[in-house]
There are 4 protein chains.
Amino acid sequence: MTGASDREKPRKAPVQARSRATYEAILEAAARILEAEGLAGVTTNRVAERAGVSIGSLYQYFPAREAILAELVKRMRLEMSARLIAVSEGARHLPLEEAIPQMMAAAIARYEAEPRLTAALEEAEARLPRDAEVLTERRRARDAMIACLTARGVAAPKEAADDLIAMTRGMVRGAQAARGAVDYARLRARIARAALGYLTYPHPD
Amino acid sequence: MTGASDREKPRKAPVQARSRATYEAILEAAARILEAEGLAGVTTNRVAERAGVSIGSLYQYFPAREAILAELVKRMRLEMSARLIAVSEGARHLPLEEAIPQMMAAAIARYEAEPRLTAALEEAEARLPRDAEVLTERRRARDAMIACLTARGVAAPKEAADDLIAMTRGMVRGAQAARGAVDYARLRARIARAALGYLTYPHPD
Amino acid sequence: MTGASDREKPRKAPVQARSRATYEAILEAAARILEAEGLAGVTTNRVAERAGVSIGSLYQYFPAREAILAELVKRMRLEMSARLIAVSEGARHLPLEEAIPQMMAAAIARYEAEPRLTAALEEAEARLPRDAEVLTERRRARDAMIACLTARGVAAPKEAADDLIAMTRGMVRGAQAARGAVDYARLRARIARAALGYLTYPHPD
Amino acid sequence: MTGASDREKPRKAPVQARSRATYEAILEAAARILEAEGLAGVTTNRVAERAGVSIGSLYQYFPAREAILAELVKRMRLEMSARLIAVSEGARHLPLEEAIPQMMAAAIARYEAEPRLTAALEEAEARLPRDAEVLTERRRARDAMIACLTARGVAAPKEAADDLIAMTRGMVRGAQAARGAVDYARLRARIARAALGYLTYPHPD
DNA sequence: GATGAATGAGGATTCATTCAT
DNA sequence: GATGAATGAATCCTCATTCAT
């Protein structure tokens, strides 16, 4: 149902210290290349070389190129959902006008920290077969958003959650695609405004 | 400054009828493959084959694979800007609440008509070196949006135009990425609401 | 049902003279390597090199390594069945004692002419997915054998045909596996004797 | 002269009980993989894993992949020759018509018991450098056959022994290569008939 | 003795592009 | 002008073997 096969799972869990270091070195190398050159730059040989590891070692840990990307994507989603959930809990008693800006800020935090890598990973995610764990994390993030809205009496909270997430993503990507440095403080403010505007604008009936 | 070299320009302007037909056949073939299989499916040999043309001929008209994609991207941008400009003129005397929905509808019209091709072309656009003509069309579309907002007294109209475009794109892409058929009528309504919410929500001061 | 997919079919029929020459050069090179080093020696790069052709050209004509082998196997089977059929027709009016030696000689002719290549091709045949044309040729050869036996009143002709073919193959392979040069005249005589012995030995009842 | 080097010999004689168990586990694992997937499936890492042994340990007992296969081949030949010799002795006082069916049955017994493994091991044998012990066992089996024939006044007994062995092998392999389950009782009968026919058919002079 | 991490040569295949005909 | 045969760098991946721990 999810389409992910063994090709996307790490081949063996690295238990020993040396193993662990190699495993992480490979992921780190892949992330750095991804960041600098995009998906197409991530070839198995280059990753291995950059990680200071032989190509054979790379394939000891990852059964296919895709598995490296899948692991990075999974970690990104985990980070994102964790942050969103943390904020949603911390903001439990705040009114919509204060909770939403915090949620939106959490949603784009990773884009702020690593714009290029995050964008490349989202692209990778779209290309990879659907992965159960990734879907789970996306769901958890979405559920946090839905809960946040539901608790504040927002109508059609699921739809709204999806729309807010999509708007946000669009706006960060738009800002990052433009030439020049991004002013994230302003961007956060605009995204918050867009979100609140969307949520408070009267429905037609 | 724009990064586009001769690789992205058609090699020769096809003036004669037969040339013209070949040229268009190549573009059409590329578009159909792009739609069906995404960017990776568009190989020069397959495009030539599908167009019923020899690979040698393809290279008579396009100096490189990228040039084919660049031309398709340019046309997409042209279409989009044309539509937006037309609507902005037609809506000149409408109030914001009516003009914005029309503008937003124009902005996503191409996504509605050819979702897969449009998405693939945007992806191609991101991968290609920046092209002067493409940038021009984007600017024209943006200017139409800006004018529409300025005429209605919107504050920070440039920023707002960019944000509206980005939000819109995010929301269409989000809807299309989700499983299942997209209900475009509802989507248009939500996008319009998001836009109006964004524009009317009070600025902090 | 036969298991052969596009991987085993030549990719394009070579029509032009240059094309044809390349195609044949590839097959010839593969045959020579097969003969000298066995199946494992037949790598696509080595075949291409030996054929004096680039690896890309090889893949223009054959979609996979297996397709080269499949084509060689097919030709071998064609040759074998053609020879057997020809002999069976030429021997139509001969008695069993004369027809059988001729049939057996036909059956091993290719082993005589190219012992190592023929053995290697049979091994390749066993490894490849079943191919419709190959099966057809095998059937044609078998049918010729069956007809030959039926016409002479042999009991259980199908079974006998299969057994004769199997015995023959065993004996040639055995002789060729032994050290030293094979005396094919003697071998033919022994095979003929084995066949006639098998056919004339009284059935238990 | 025989071509076998240290690569085909077990590295150390496993004397202690634990060593012995490991050694046997490796061979057993290799045999099971060989049976299930053929020669190509037998990779050193998979054998080690299946044997529940580290790859390093495997190389303690066998200097190379080939050595594992060589040992299995040797055992097969040992089994075969032992069986044939036993039968030839048990049948010492039987006439040709009774002795030969017993000998032939002995010759194919291992194919009956483990068709796939036996076939794979013969293939392995053909690929491996000639090994002295294997040759010895083959000679012993052949000598038993020769003795059996000589004792019964068969002309050219060496040649006949080789031919019988070769025919037999051809017929079993033929039967096993065909689709469907093999009826070994019938097969044995046919092989016996072929052998007796071969032996009793009058020589030309 | 045992372990298993690491190695890297080598194999199959693709695809943008050139150029002789 | 058109054709399509030819090119070869680049990519993914396997597997026998070694050696530090």
# chains A, B, ... in the order shown; residues from 1 in each chain; ligands from 1
call {"tool": "select_by_dssp", "arguments": {"residues": "region 19-172 of chain A", "states": "alpha helix (DSSP H)", "output": "PyMOL selection string"}}
result
chain A and resi 19-37+44-51+55-61+65-90+96-113+115-127+132-150+157-172
call {"tool": "residues_around", "arguments": {"residues": "Ala161 (chain C)", "least_positions_apart": "4", "cutoff": "12 Å", "atoms": "only C-alpha atoms (C1' of nucleotides)", "output": "VMD selection string"}}
result
(chain C and resid 100 103 to 104 107 138 to 150 154 to 157 165 to 168 195 to 196 198 to 199) or (chain D and resid 171 174)
call {"tool": "interface_residues", "arguments": {"of": "chain A", "to": "chain E", "cutoff": "9 Å", "atoms": "only C-alpha atoms (C1' of nucleotides)", "output": "VMD selection string"}}
result
chain A and resid 18 to 19 53 to 57 60
call {"tool": "closest_atom_pairs", "arguments": {"of": "chain A", "to": "chain F", "cutoff": "9 Å", "atoms": "only C-alpha atoms (C1' of nucleotides)", "output": "CSV"}}
result
residue,atom,partner,partner_atom,distance
A:Thr43,CA,F:DT11,C1',7.5
A:Thr44,CA,F:DC12,C1',7.5
A:Asn45,CA,F:DT11,C1',8.7
A:Gly56,CA,F:DT14,C1',8.7
A:Tyr59,CA,F:DC13,C1',8.0
A:Pro63,CA,F:DC13,C1',8.8
A:Ala64,CA,F:DC13,C1',7.9
A:Arg65,CA,F:DC12,C1',7.9
call {"tool": "atom_distance", "arguments": {"atom1": "CA of Leu58 (chain A)", "atom2": "CA of Leu72 (chain A)"}}
result
14.7 Å
call {"tool": "calpha_fit_rmsd", "arguments": {"fixed": "chain A", "moving": "chain D"}}
result
0.3 Å
call {"tool": "closest_atom_pairs", "arguments": {"of": "chain A", "to": "chain B", "cutoff": "10 Å", "atoms": "only C-alpha atoms", "output": "CSV"}}
result
residue,atom,partner,partner_atom,distance
A:Gly38,CA,B:Arg127,CA,9.3
A:Glu123,CA,B:Glu123,CA,9.4
A:Ala126,CA,B:Ala177,CA,8.7
A:Glu159,CA,B:Arg190,CA,9.4
A:Ala160,CA,B:Arg190,CA,9.1
A:Asp162,CA,B:Gly174,CA,7.8
A:Asp163,CA,B:Met171,CA,6.2
A:Leu164,CA,B:Met171,CA,8.4
A:Ile165,CA,B:Gly174,CA,8.4
A:Ala166,CA,B:Gly170,CA,5.0
A:Met167,CA,B:Met167,CA,4.5
A:Thr168,CA,B:Met167,CA,7.0
A:Arg169,CA,B:Gly170,CA,6.1
A:Gly170,CA,B:Gly170,CA,3.8
A:Met171,CA,B:Ala166,CA,5.0
A:Val172,CA,B:Ala166,CA,8.2
A:Arg173,CA,B:Ala166,CA,7.6
A:Gly174,CA,B:Ala166,CA,5.4
A:Ala175,CA,B:Ala166,CA,8.2
A:Ala177,CA,B:Ala126,CA,8.8
A:Ala178,CA,B:Asp162,CA,9.7
A:Leu187,CA,B:Asp163,CA,9.5
A:Ala189,CA,B:Pro204,CA,9.4
A:Arg190,CA,B:Asp163,CA,8.2
A:Ile191,CA,B:Asp163,CA,8.6
A:Ala192,CA,B:Tyr198,CA,9.3
A:Arg193,CA,B:Tyr198,CA,6.2
A:Ala194,CA,B:Tyr198,CA,4.4
A:Ala195,CA,B:Tyr198,CA,7.4
A:Leu196,CA,B:Tyr201,CA,7.4
A:Gly197,CA,B:Gly197,CA,3.8
A:Tyr198,CA,B:Ala194,CA,4.4
A:Leu199,CA,B:Gly197,CA,7.6
A:Thr200,CA,B:Gly197,CA,7.0
A:Tyr201,CA,B:Gly197,CA,5.0
A:Pro202,CA,B:Arg193,CA,8.3
A:His203,CA,B:Arg193,CA,7.9
A:Pro204,CA,B:Arg193,CA,9.2
call {"tool": "write_last_selection", "arguments": {"atoms": "C-alpha atoms", "output": "CSV table (one decimal), in the first residue's frame"}}
result
chain,number,residue,atom,x,y,z
A,38,GLY,CA,20.6,19.1,-5.6
A,123,GLU,CA,11.9,17.1,-3.8
A,126,ALA,CA,8.2,13.5,-3.9
A,159,GLU,CA,-9.1,21.1,5.4
A,160,ALA,CA,-7.8,24.2,7.1
A,162,ASP,CA,-3.9,21.1,5.0
A,163,ASP,CA,-4.4,24.6,3.5
A,164,LEU,CA,-2.2,26.2,6.1
A,165,ILE,CA,0.5,23.7,5.6
A,166,ALA,CA,0.4,24.1,1.9
A,167,MET,CA,0.3,27.9,2.0
A,168,THR,CA,3.2,28.0,4.3
A,169,ARG,CA,5.3,25.8,2.2
A,170,GLY,CA,4.4,27.8,-0.8
A,171,MET,CA,5.4,31.0,0.8
A,172,VAL,CA,8.8,29.8,2.2
A,173,ARG,CA,9.7,28.3,-1.1
A,174,GLY,CA,8.7,31.4,-2.9
A,175,ALA,CA,10.8,33.5,-0.7
A,177,ALA,CA,13.5,31.0,-4.7
A,178,ALA,CA,13.7,34.8,-5.0
A,187,LEU,CA,8.5,36.1,6.4
A,189,ALA,CA,5.1,37.6,10.2
A,190,ARG,CA,3.6,37.4,6.7
A,191,ILE,CA,2.9,33.8,6.9
A,192,ALA,CA,1.3,34.2,10.3
A,193,ARG,CA,-0.9,37.0,8.9
A,194,ALA,CA,-1.8,34.8,5.9
A,195,ALA,CA,-2.8,32.0,8.2
A,196,LEU,CA,-4.8,34.2,10.5
A,197,GLY,CA,-6.4,35.9,7.6
A,198,TYR,CA,-7.4,32.5,6.1
A,199,LEU,CA,-8.8,31.3,9.4
A,200,THR,CA,-10.8,34.4,10.3
A,201,TYR,CA,-12.1,35.5,6.9
A,202,PRO,CA,-15.8,34.9,6.9
A,203,HIS,CA,-17.0,31.9,5.1
A,204,PRO,CA,-19.6,32.6,2.4
call {"tool": "residues_around", "arguments": {"residues": "Gly41 (chain C)", "least_positions_apart": "5", "cutoff": "12 Å", "atoms": "only C-alpha atoms (C1' of nucleotides)", "output": "ChimeraX atom specification"}}
result
/C:29-36,46-47,50,65,120 /E:11
call {"tool": "write_last_selection", "arguments": {"atoms": "C-alpha atoms (C1' of nucleotides)", "output": "compact mmCIF listing (two decimals), in the first residue's frame"}}
result
# COMPACT_ATOMS: atom_id res chain seq x y z
CA ALA C 29 32.78 -11.40 -30.97
CA ALA C 30 30.48 -12.89 -28.40
CA ALA C 31 30.77 -16.29 -30.01
CA ARG C 32 34.55 -16.18 -30.04
CA ILE C 33 34.74 -15.15 -26.40
CA LEU C 34 32.17 -17.74 -25.46
CA GLU C 35 34.22 -20.34 -27.20
CA ALA C 36 37.46 -19.32 -25.59
CA ARG C 46 34.53 -7.24 -23.63
CA VAL C 47 32.17 -8.16 -26.40
CA ARG C 50 36.39 -7.37 -29.27
CA ARG C 65 23.64 -9.00 -22.39
CA ALA C 120 28.80 -23.09 -24.11
C1' DG E 11 30.01 -5.63 -14.56
